[in-house]
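Asks: Provided below: model-v2.cif, containing mmCIF, C-alpha atoms.
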```
data_coords
loop_
_atom_site.label_atom_id
_atom_site.label_comp_id
_atom_site.auth_asym_id
_atom_site.auth_seq_id
_atom_site.Cartn_x
_atom_site.Cartn_y
_atom_site.Cartn_z
CA MET U 1 -94.85 123.80 -53.97
CA TYR U 2 -96.72 126.55 -52.16
CA LYS U 3 -98.81 129.08 -54.04
CA ALA U 4 -100.28 132.52 -53.63
CA GLY U 5 -103.20 132.44 -51.22
CA ASP U 6 -101.82 129.56 -49.14
CA ILE U 7 -101.97 130.00 -45.37
CA LEU U 8 -98.76 128.75 -43.79
CA PHE U 9 -97.42 128.46 -40.28
CA PHE U 10 -93.82 129.44 -39.54
CA ASP U 11 -91.87 128.48 -36.46
CA PRO U 12 -90.29 130.99 -36.39
CA TYR U 13 -91.47 133.74 -38.73
CA VAL U 14 -88.62 136.22 -39.18
CA PHE U 15 -89.65 139.86 -39.40
CA THR U 16 -87.41 141.64 -41.83
CA ASP U 17 -89.15 145.01 -41.64
CA SER U 18 -88.27 145.74 -38.01
CA SER U 19 -85.08 147.53 -37.00
CA ALA U 20 -84.01 144.80 -34.56
CA PRO U 21 -84.10 141.09 -35.45
CA ASP U 22 -87.45 139.70 -34.45
CA GLU U 23 -88.57 136.10 -34.68
CA ARG U 24 -91.87 134.70 -33.50
CA ARG U 25 -94.26 131.88 -34.30
CA HIS U 26 -96.74 133.18 -36.82
CA PHE U 27 -99.23 132.34 -39.47
CA ALA U 28 -98.53 133.93 -42.83
CA LEU U 29 -100.24 134.39 -46.17
CA ALA U 30 -98.22 133.38 -49.24
CA LEU U 31 -98.27 136.20 -51.77
CA ALA U 32 -96.45 134.36 -54.56
CA PRO U 33 -95.32 130.78 -55.16
CA ASN U 34 -92.05 129.72 -53.59
CA ARG U 35 -89.30 130.67 -55.97
CA VAL U 36 -87.30 128.50 -58.31
CA THR U 37 -85.82 125.87 -56.11
CA SER U 38 -84.26 123.85 -58.89
CA PHE U 39 -81.04 125.82 -58.54
CA GLU U 40 -79.69 126.74 -55.14
CA ARG U 41 -79.39 130.47 -54.77
CA GLN U 42 -77.98 132.65 -52.04
CA PRO U 43 -78.59 134.26 -49.65
CA MET U 44 -81.93 132.54 -49.04
CA PRO U 45 -82.59 129.52 -51.21
CA ASN U 46 -85.99 127.89 -51.03
CA SER U 47 -88.01 130.81 -49.74
CA ILE U 48 -91.43 132.36 -50.12
CA TYR U 49 -92.83 135.88 -50.09
CA CYS U 50 -95.41 136.29 -47.32
CA ALA U 51 -97.57 138.75 -45.44
CA VAL U 52 -97.71 138.07 -41.72
CA ILE U 53 -101.04 137.04 -40.18
CA THR U 54 -101.68 138.25 -36.65
CA SER U 55 -104.58 138.03 -34.20
CA GLN U 56 -103.93 141.58 -32.97
CA VAL U 57 -105.98 144.25 -34.68
CA PRO U 58 -103.50 146.02 -36.99
CA ARG U 59 -102.93 149.74 -36.69
CA ARG U 60 -103.32 150.24 -40.41
CA MET U 61 -106.56 148.41 -41.05
CA GLN U 62 -106.75 149.80 -44.59
CA TYR U 63 -103.87 147.46 -45.47
CA ALA U 64 -105.15 144.48 -43.51
CA HIS U 65 -107.80 141.88 -44.23
CA LEU U 66 -109.82 139.95 -41.69
CA LEU U 67 -109.68 136.16 -42.02
CA ALA U 68 -112.58 134.94 -39.90
CA PRO U 69 -112.35 131.61 -38.04
CA ALA U 70 -115.75 130.70 -39.48
CA SER U 71 -114.06 130.36 -42.88
CA TYR U 72 -110.70 129.02 -41.76
CA GLN U 73 -110.44 126.12 -39.34
CA CYS U 74 -106.78 126.90 -38.63
CA PHE U 75 -107.77 130.08 -36.77
CA SER U 76 -109.42 130.02 -33.37
CA LYS U 77 -110.06 133.79 -33.38
CA ASP U 78 -110.26 136.68 -35.81
CA SER U 79 -106.97 136.95 -37.66
CA TYR U 80 -105.63 139.64 -39.93
CA ALA U 81 -103.43 139.33 -42.99
CA CYS U 82 -101.21 142.42 -42.74
CA LEU U 83 -100.54 143.22 -46.37
CA ASP U 84 -98.12 146.02 -45.57
CA ARG U 85 -95.89 143.70 -43.52
CA ILE U 86 -94.25 141.60 -46.19
CA ASP U 87 -91.20 139.40 -45.69
CA MET U 88 -89.26 136.74 -47.57
CA GLN U 89 -89.40 133.62 -45.42
CA SER U 90 -87.26 130.53 -45.58
CA LEU U 91 -89.33 127.39 -46.12
CA GLY U 92 -86.96 125.76 -43.65
CA CYS U 93 -88.80 127.70 -40.93
CA LEU U 94 -92.19 126.16 -41.71
CA GLY U 95 -93.75 124.56 -38.67
CA SER U 96 -93.20 120.84 -38.91
CA GLY U 97 -95.98 119.65 -36.62
CA CYS U 98 -98.79 120.37 -39.07
CA GLN U 99 -99.83 119.74 -42.65
CA GLN U 100 -98.73 122.71 -44.80
CA PRO U 101 -100.39 124.71 -46.17
CA LEU U 102 -102.92 124.89 -43.37
CA ASP U 103 -105.55 126.35 -45.63
CA LYS U 104 -106.10 128.52 -48.69
CA VAL U 105 -107.95 131.85 -48.87
CA ILE U 106 -111.48 131.58 -50.21
CA ALA U 107 -112.35 133.35 -53.46
CA LEU U 108 -114.26 136.18 -51.82
CA ASP U 109 -111.34 137.00 -49.52
CA ALA U 110 -108.89 136.68 -52.40
CA LYS U 111 -110.79 139.36 -54.28
CA LYS U 112 -110.77 141.75 -51.31
CA ILE U 113 -107.13 141.06 -50.50
CA PHE U 114 -106.12 141.69 -54.10
CA LYS U 115 -107.76 145.09 -54.02
CA LYS U 116 -105.70 146.10 -50.96
CA LEU U 117 -102.55 144.43 -52.26
CA LYS U 118 -102.68 146.55 -55.40
CA ALA U 119 -102.44 149.69 -53.29
CA VAL U 120 -99.70 148.29 -51.04
CA LEU U 121 -97.48 146.99 -53.82
CA TYR U 122 -97.38 150.29 -55.67
CA SER U 123 -96.68 152.22 -52.49
CA ARG U 124 -93.29 150.46 -52.37
CA PRO U 125 -91.14 152.01 -55.10
CA MET U 126 -88.08 149.97 -54.09
CA MET U 127 -89.87 146.67 -54.53
CA ASP U 128 -88.53 144.39 -57.27
CA PRO U 129 -90.90 145.01 -60.22
CA PHE U 130 -90.87 141.33 -61.14
CA MET U 131 -91.80 140.24 -57.64
CA ARG U 132 -94.67 142.70 -57.81
CA ALA U 133 -95.59 141.40 -61.29
CA THR U 134 -95.56 137.81 -60.04
CA ILE U 135 -97.87 138.66 -57.16
CA PHE U 136 -100.27 140.36 -59.56
CA ARG U 137 -100.13 137.49 -62.01
CA GLU U 138 -100.58 134.78 -59.41
CA TRP U 139 -103.21 136.58 -57.41
CA LYS U 140 -105.35 137.13 -60.48
CA LYS U 141 -105.59 133.36 -60.88
CA LEU U 142 -107.32 133.19 -57.50
CA LEU U 143 -110.02 135.66 -58.40
CA PRO U 144 -113.48 134.40 -59.25
CA VAL U 145 -114.18 134.59 -62.98
CA THR U 146 -116.69 137.35 -63.59
CA ALA U 147 -119.34 136.99 -66.24
CA VAL U 148 -118.82 139.17 -69.30
CA MET C 1 -70.65 134.13 -67.48
CA THR C 2 -74.25 133.58 -68.48
CA THR C 3 -76.92 136.04 -69.57
CA LYS C 4 -80.44 136.36 -68.22
CA LEU C 5 -81.71 134.74 -71.39
CA GLN C 6 -79.37 131.76 -71.03
CA GLU C 7 -80.30 131.38 -67.38
CA ALA C 8 -84.00 131.45 -68.27
CA ILE C 9 -83.41 128.72 -70.86
CA CYS C 10 -81.66 126.59 -68.21
CA VAL C 11 -84.53 127.16 -65.78
CA ALA C 12 -87.02 126.13 -68.50
CA LEU C 13 -85.08 122.94 -69.29
CA LYS C 14 -84.90 122.08 -65.59
CA LYS C 15 -88.57 122.83 -65.09
CA GLY C 16 -89.41 120.72 -68.13
CA GLN C 17 -87.65 117.77 -66.52
CA GLU C 18 -89.64 118.33 -63.34
CA HIS C 19 -92.80 118.16 -65.45
CA GLY C 20 -91.78 114.91 -67.11
CA LYS C 21 -90.30 116.43 -70.28
CA ASN C 22 -86.93 114.81 -70.77
CA ASN C 23 -86.01 117.50 -73.28
CA LEU C 24 -87.41 120.63 -74.87
CA SER C 25 -87.45 121.30 -78.60
CA LYS C 26 -86.11 124.46 -80.18
CA PHE C 27 -89.73 125.41 -80.87
CA GLU C 28 -90.67 125.03 -77.20
CA ILE C 29 -87.70 127.03 -75.94
CA LEU C 30 -88.41 129.84 -78.41
CA LYS C 31 -92.06 130.06 -77.51
CA LEU C 32 -91.47 129.87 -73.77
CA MET C 33 -88.89 132.67 -73.92
CA TYR C 34 -91.31 134.70 -76.03
CA LEU C 35 -94.08 134.21 -73.45
CA ILE C 36 -91.77 135.17 -70.58
CA GLU C 37 -90.93 138.41 -72.39
CA THR C 38 -94.51 139.26 -73.36
CA GLU C 39 -95.85 138.55 -69.86
CA SER C 40 -93.02 140.58 -68.38
CA ARG C 41 -94.10 143.60 -70.38
CA LYS C 42 -97.75 142.97 -69.52
CA TYR C 43 -97.33 142.59 -65.76
CA ALA C 44 -94.08 144.39 -64.92
CA GLY C 45 -94.33 146.96 -67.68
CA ILE C 46 -90.69 146.37 -68.61
CA SER C 47 -88.62 143.93 -70.61
CA LEU C 48 -87.00 141.05 -68.73
CA PHE C 49 -84.45 140.07 -71.35
CA GLY C 50 -83.72 143.59 -72.58
CA SER C 51 -84.45 145.30 -75.86
CA ASP C 52 -81.55 143.48 -77.56
CA VAL C 53 -83.67 140.34 -77.63
CA GLU C 54 -86.01 140.64 -80.60
CA PHE C 55 -88.50 138.30 -82.18
CA ILE C 56 -89.53 138.09 -85.81
CA ARG C 57 -92.57 136.47 -87.40
CA HIS C 58 -91.71 133.07 -88.83
CA VAL C 59 -93.83 130.29 -90.33
CA ASN C 60 -94.65 128.83 -86.91
CA GLY C 61 -94.78 132.03 -84.92
CA PRO C 62 -92.11 134.21 -83.37
CA ILE C 63 -88.46 133.23 -83.52
CA SER C 64 -85.40 135.03 -82.20
CA ILE C 65 -81.81 135.06 -83.39
CA GLN C 66 -80.74 135.97 -79.85
CA VAL C 67 -82.48 132.90 -78.41
CA PHE C 68 -80.81 130.69 -81.04
CA GLU C 69 -77.43 132.21 -80.13
CA ALA C 70 -78.07 131.73 -76.41
CA ILE C 71 -78.89 128.05 -76.97
CA ASN C 72 -75.79 127.58 -79.15
CA ASP C 73 -73.63 129.16 -76.48
CA LEU C 74 -75.04 126.86 -73.80
CA VAL C 75 -74.37 123.87 -76.07
CA ASP C 76 -70.82 125.07 -76.80
CA HIS C 77 -70.12 125.39 -73.07
CA GLY C 78 -71.35 121.87 -72.34
CA ILE C 79 -74.27 123.07 -70.24
CA VAL C 80 -76.93 121.88 -72.67
CA GLN C 81 -76.88 118.78 -74.82
CA ARG C 82 -78.53 118.95 -78.24
CA TRP C 83 -79.48 116.17 -80.63
CA GLU C 84 -81.89 115.54 -83.46
CA ALA C 85 -84.73 113.06 -83.18
CA GLU C 86 -86.95 111.80 -85.96
CA ASN C 87 -90.42 113.30 -85.85
CA ILE C 88 -92.60 111.66 -88.48
CA GLU C 89 -95.75 113.52 -87.45
CA TYR C 90 -94.10 116.92 -87.81
CA GLY C 91 -92.18 116.06 -90.96
CA HIS C 92 -88.91 117.55 -89.69
CA ALA C 93 -86.35 116.37 -87.19
CA ARG C 94 -86.97 117.57 -83.63
CA HIS C 95 -84.06 119.53 -82.19
CA CYS C 96 -83.98 118.22 -78.64
CA HIS C 97 -82.28 120.09 -75.79
CA LYS C 98 -81.45 118.76 -72.37
CA LEU C 99 -79.73 120.37 -69.40
CA VAL C 100 -76.71 118.25 -68.53
CA ARG C 101 -75.32 120.25 -65.61
CA ASP C 102 -76.96 120.97 -62.28
CA ASP C 103 -74.46 123.57 -61.13
CA VAL C 104 -75.60 126.31 -63.48
CA ASP C 105 -74.96 129.77 -62.12
CA ILE C 106 -78.17 131.79 -62.26
CA SER C 107 -76.76 134.88 -60.62
CA GLN C 108 -77.82 137.24 -63.41
CA LEU C 109 -81.50 136.85 -62.57
CA THR C 110 -82.77 138.73 -59.54
CA ASP C 111 -84.99 136.95 -57.00
CA GLY C 112 -88.00 138.69 -58.50
CA GLU C 113 -87.07 137.74 -62.05
CA SER C 114 -86.52 134.10 -61.14
CA VAL C 115 -89.88 133.93 -59.35
CA PHE C 116 -91.57 135.59 -62.31
CA ILE C 117 -89.99 133.18 -64.82
CA ASP C 118 -91.05 130.28 -62.63
CA SER C 119 -94.61 131.63 -62.52
CA VAL C 120 -94.83 131.91 -66.33
CA LEU C 121 -93.19 128.55 -66.98
CA GLU C 122 -95.45 126.82 -64.50
CA ASP C 123 -98.44 127.85 -66.62
CA TYR C 124 -97.08 126.90 -70.03
CA ILE C 125 -94.38 124.25 -69.78
CA GLY C 126 -96.86 121.40 -69.59
CA LEU C 127 -98.61 122.38 -72.83
CA ASN C 128 -98.17 120.34 -75.98
CA ILE C 129 -96.80 121.98 -79.12
CA SER C 130 -100.15 122.96 -80.64
CA SER C 131 -101.51 124.42 -77.37
CA LEU C 132 -98.29 126.36 -76.85
CA LYS C 133 -98.52 127.69 -80.38
CA SER C 134 -102.13 128.68 -79.78
CA VAL C 135 -101.22 130.65 -76.63
CA VAL C 136 -98.43 132.44 -78.49
CA TYR C 137 -100.73 133.38 -81.38
CA GLN C 138 -103.19 134.89 -78.89
CA THR C 139 -100.62 137.35 -77.54
CA GLU C 140 -101.12 140.98 -78.46
CA PRO C 141 -98.19 141.38 -80.91
CA MET C 142 -99.05 138.16 -82.77
CA SER C 143 -102.74 139.08 -82.94
CA ARG C 144 -101.71 142.40 -84.42
CA ILE C 145 -99.59 140.72 -87.09
CA GLN C 146 -102.35 138.25 -87.91
CA ASN C 147 -104.81 141.11 -88.38
CA GLU C 148 -102.40 142.77 -90.79
CA GLU C 149 -101.92 139.47 -92.58
CA ALA C 150 -105.66 139.12 -92.98
CA GLU C 151 -105.75 142.53 -94.65
CA VAL C 152 -102.86 141.93 -97.06
CA GLY C 153 -103.75 138.29 -97.68
CA HIS C 154 -100.39 136.69 -96.96
CA THR C 155 -98.04 135.83 -94.10
CA LEU C 156 -95.76 138.70 -93.14
CA LEU C 157 -92.65 136.57 -92.78
CA ASN C 158 -89.65 138.16 -91.06
CA ARG C 159 -91.80 141.04 -89.77
CA LYS C 160 -90.44 142.24 -86.43
CA VAL C 161 -92.81 141.32 -83.61
CA ASP C 162 -93.69 144.59 -81.94
CA LEU C 163 -93.23 143.87 -78.25
CA ASN C 164 -93.82 147.54 -77.47
CA SER C 165 -97.44 147.09 -78.50
CA ILE C 166 -98.14 145.01 -75.39
CA ALA C 167 -100.55 146.84 -73.10
CA LEU C 168 -100.23 146.73 -69.34
CA ASP C 169 -102.58 144.38 -67.55
CA PRO C 170 -105.66 146.44 -66.56
CA ASP C 171 -105.17 145.74 -62.83
CA VAL C 172 -101.54 146.83 -63.01
CA ALA C 173 -102.52 149.96 -64.92
CA GLU C 174 -105.20 150.73 -62.34
CA ALA C 175 -102.78 150.26 -59.44
CA ILE C 176 -100.22 152.58 -61.03
CA ALA C 177 -102.87 155.21 -61.63
CA GLN C 178 -104.01 155.17 -57.98
#
```
If you convert what's in this file into structure tokens, what do you get?
Replies:
Amino acid sequence: MYKAGDILFFDPYVFTDSSAPDERRHFALALAPNRVTSFERQPMPNSIYCAVITSQVPRRMQYAHLLAPASYQCFSKDSYACLDRIDMQSLGCLGSGCQQPLDKVIALDAKKIFKKLKAVLYSRPMMDPFMRATIFREWKKLLPVTAV
Amino acid sequence: MTTKLQEAICVALKKGQEHGKNNLSKFEILKLMYLIETESRKYAGISLFGSDVEFIRHVNGPISIQVFEAINDLVDHGIVQRWEAENIEYGHARHCHKLVRDDVDISQLTDGESVFIDSVLEDYIGLNISSLKSVVYQTEPMSRIQNEEAEVGHTLLNRKVDLNSIALDPDVAEAIAQ
């Protein structure tokens, strides 16, 4: 089972937010655990909600977070989790030539990502409220416990 | 035709099996459904099962007629098997429930709802009875009832559990306010 904060590699990653079908090899950041797989569901059983990770500097940096190669061995250069480019990905498209997940976001990054995610998730009124709730719930588990 | 509540019960029974629980007791099903509903209101700000599903304060925490009926319906349709097992430690028979069909239609739940249910169950399904009870008693509506009980000096049996008293998670509230 994959969880929020896992860094995965898809071959291919299918962009669902572009007007024309677009598939490319990409890293992605899991935003929530893969859904209930006990019962097969259509149209996309066995899938996971992800934000694409790209090495190109995103246009909307306010919704992106830098994942530096110094912290993540799976990246050879600066990479950006684009939190405003969210897609449901089939786990069948996970790259098979590597151990998945490749890595997991560190606590400091998780905290910064969560702050940006909060803004992104509520800028999408059509988003399923329970998907949004799951992302909140799961992401909070990744945050460092602050002293009271 | 199943309801969201029935589908959630099936998901819980299946998840229980995946976590090494051959069956779930009536107590466990009730408390897990209660936690799904309370966490739904806390994180999504809305009810998952709908306002028709109510919980009342019973001796061992919240119970729900609608959950009982949903279980009975699943048993009547041959989807869930129920039997009683001796439970010397507890003093009463354990009402065991096991999913006996793998082809359950869970079309009533949206993708988001099924992921959310999975997220909640993942946290609580492995707990033993006393830990599960403890988590339930720490929820906002149960804390409220217990405070009232401390004032009046007795258990407020059959008191409706006020699910509307559940506050939004502070991070959710902050995000909405932005």
Asks: At a cut-off of 7 Å, which residues of chain C touch chain U? Count only C-alpha atoms and give the answer as an MDAnalysis selection string.
Replies: chainID C and resid 14 43:44 112:116 118:119 175:176
Asks: Give me, please, the distance in Å between CA of Ile71 in chain C and CA of Ile125 in chain C, quoted to one decimal.
Replies: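 Separation of CA of Ile71 in chain C and CA of Ile125 in chain C: 17.5 Å.
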Asks: Go through the shown structure with the PyMOL selection byres ((chain U and resi 80) around 12) and write out the matching residues as a short mmCIF file (atom, residue, chain, number, x, y, z; two decimals) with C-alpha atoms, in the coordinates of the input.
Replies:
```
data_model
loop_
_atom_site.label_atom_id
_atom_site.label_comp_id
_atom_site.auth_asym_id
_atom_site.auth_seq_id
_atom_site.Cartn_x
_atom_site.Cartn_y
_atom_site.Cartn_z
CA ILE U 7 -101.97 130.00 -45.37
CA HIS U 26 -96.74 133.18 -36.82
CA PHE U 27 -99.23 132.34 -39.47
CA ALA U 28 -98.53 133.93 -42.83
CA LEU U 29 -100.24 134.39 -46.17
CA ALA U 51 -97.57 138.75 -45.44
CA VAL U 52 -97.71 138.07 -41.72
CA ILE U 53 -101.04 137.04 -40.18
CA THR U 54 -101.68 138.25 -36.65
CA SER U 55 -104.58 138.03 -34.20
CA GLN U 56 -103.93 141.58 -32.97
CA VAL U 57 -105.98 144.25 -34.68
CA PRO U 58 -103.50 146.02 -36.99
CA ARG U 59 -102.93 149.74 -36.69
CA ARG U 60 -103.32 150.24 -40.41
CA MET U 61 -106.56 148.41 -41.05
CA GLN U 62 -106.75 149.80 -44.59
CA TYR U 63 -103.87 147.46 -45.47
CA ALA U 64 -105.15 144.48 -43.51
CA HIS U 65 -107.80 141.88 -44.23
CA LEU U 66 -109.82 139.95 -41.69
CA LEU U 67 -109.68 136.16 -42.02
CA ALA U 68 -112.58 134.94 -39.90
CA PRO U 69 -112.35 131.61 -38.04
CA TYR U 72 -110.70 129.02 -41.76
CA PHE U 75 -107.77 130.08 -36.77
CA LYS U 77 -110.06 133.79 -33.38
CA ASP U 78 -110.26 136.68 -35.81
CA SER U 79 -106.97 136.95 -37.66
CA ALA U 81 -103.43 139.33 -42.99
CA CYS U 82 -101.21 142.42 -42.74
CA LEU U 83 -100.54 143.22 -46.37
CA ASP U 84 -98.12 146.02 -45.57
CA ARG U 85 -95.89 143.70 -43.52
CA ASP U 109 -111.34 137.00 -49.52
CA ILE U 113 -107.13 141.06 -50.50
#
```
Asks: Since I can't run it myself right now, could you work out what the PyMOL selection byres ((chain C and resi 30-38) around 8) selects here and report it as a ChimeraX atom specification?
Replies: /C:5,8-9,12,26-29,39-42,47-49,55,62-64,67,117,120-121,124-125,132-133,136,139,163,166
Asks: Quick one: residues within 8 Å of His19 in chain C, all atoms listed in the file, excluding same-chain residues fewer than 3 positions away - as a PyMOL selection string?
Replies: chain C and resi 15-16+125-126
Asks: Excluding same-chain residues fewer than 2 positions from Gly95 in chain U, what lies within 7 Å of it counting only C-alpha atoms, as a VMD selection string?
Replies: chain U and resid 9 to 11 93 97 to 98
Asks: So for range 3-11 of chain C, what box centre and size do we get, axis-aligned, 6 Å extra on each of the six sides, every listed atom, Å to one decimal, as AutoDock Vina command-line options?
Replies:
```
--center_x -80.7 --center_y 131.5 --center_z -68.6 --size_x 19.6 --size_y 21.8 --size_z 17.6
```
Asks: Output the residue selection produced by the PyMOL selection byres ((chain C and resi 59) around 9) on the file above, formatted as an MDAnalysis selection string.
Replies: chainID C and resid 57:58 60:62 155 157:158
Asks: Measure the distance from CA of Val135 in chain C to CA of Asp123 in chain C in Å and round it to one decimal.
Replies: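 These atoms are spaced 10.8 Å apart.
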Asks: Go through U:Leu102, U:Leu94, U:Cys74, U:Ala30 one by one, measure the shortest atom-to-atom distance of each to Cys50 in chain U using all atoms listed in the file, and give the residue with the smallest value.
Replies: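 The closest residue to Cys50 in chain U is U:Ala30.
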Asks: Leaving out Trp83 in chain C and any residue of its chain fewer than 5 positions from it, which residues lie within 7 Å of it when counting only C-alpha atoms, given as an MDAnalysis selection string?
Replies: chainID C and resid 95:97
Asks: Work out how far apart CA of Glu23 in chain U and CA of Gln100 in chain U are and give it in Å to one decimal.
Replies: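 Atom-to-atom, CA of Glu23 in chain U and CA of Gln100 in chain U are spaced 19.6 Å apart.
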Asks: Between C:Gly91, C:Gly78, C:Pro170, C:Pro141, which one has atoms that come closest to Ile56 in chain C, using all atoms listed in the file?
Replies: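 Going through C:Gly91, C:Gly78, C:Pro170, C:Pro141 one by one, the smallest distance to Ile56 in chain C is for C:Pro141.
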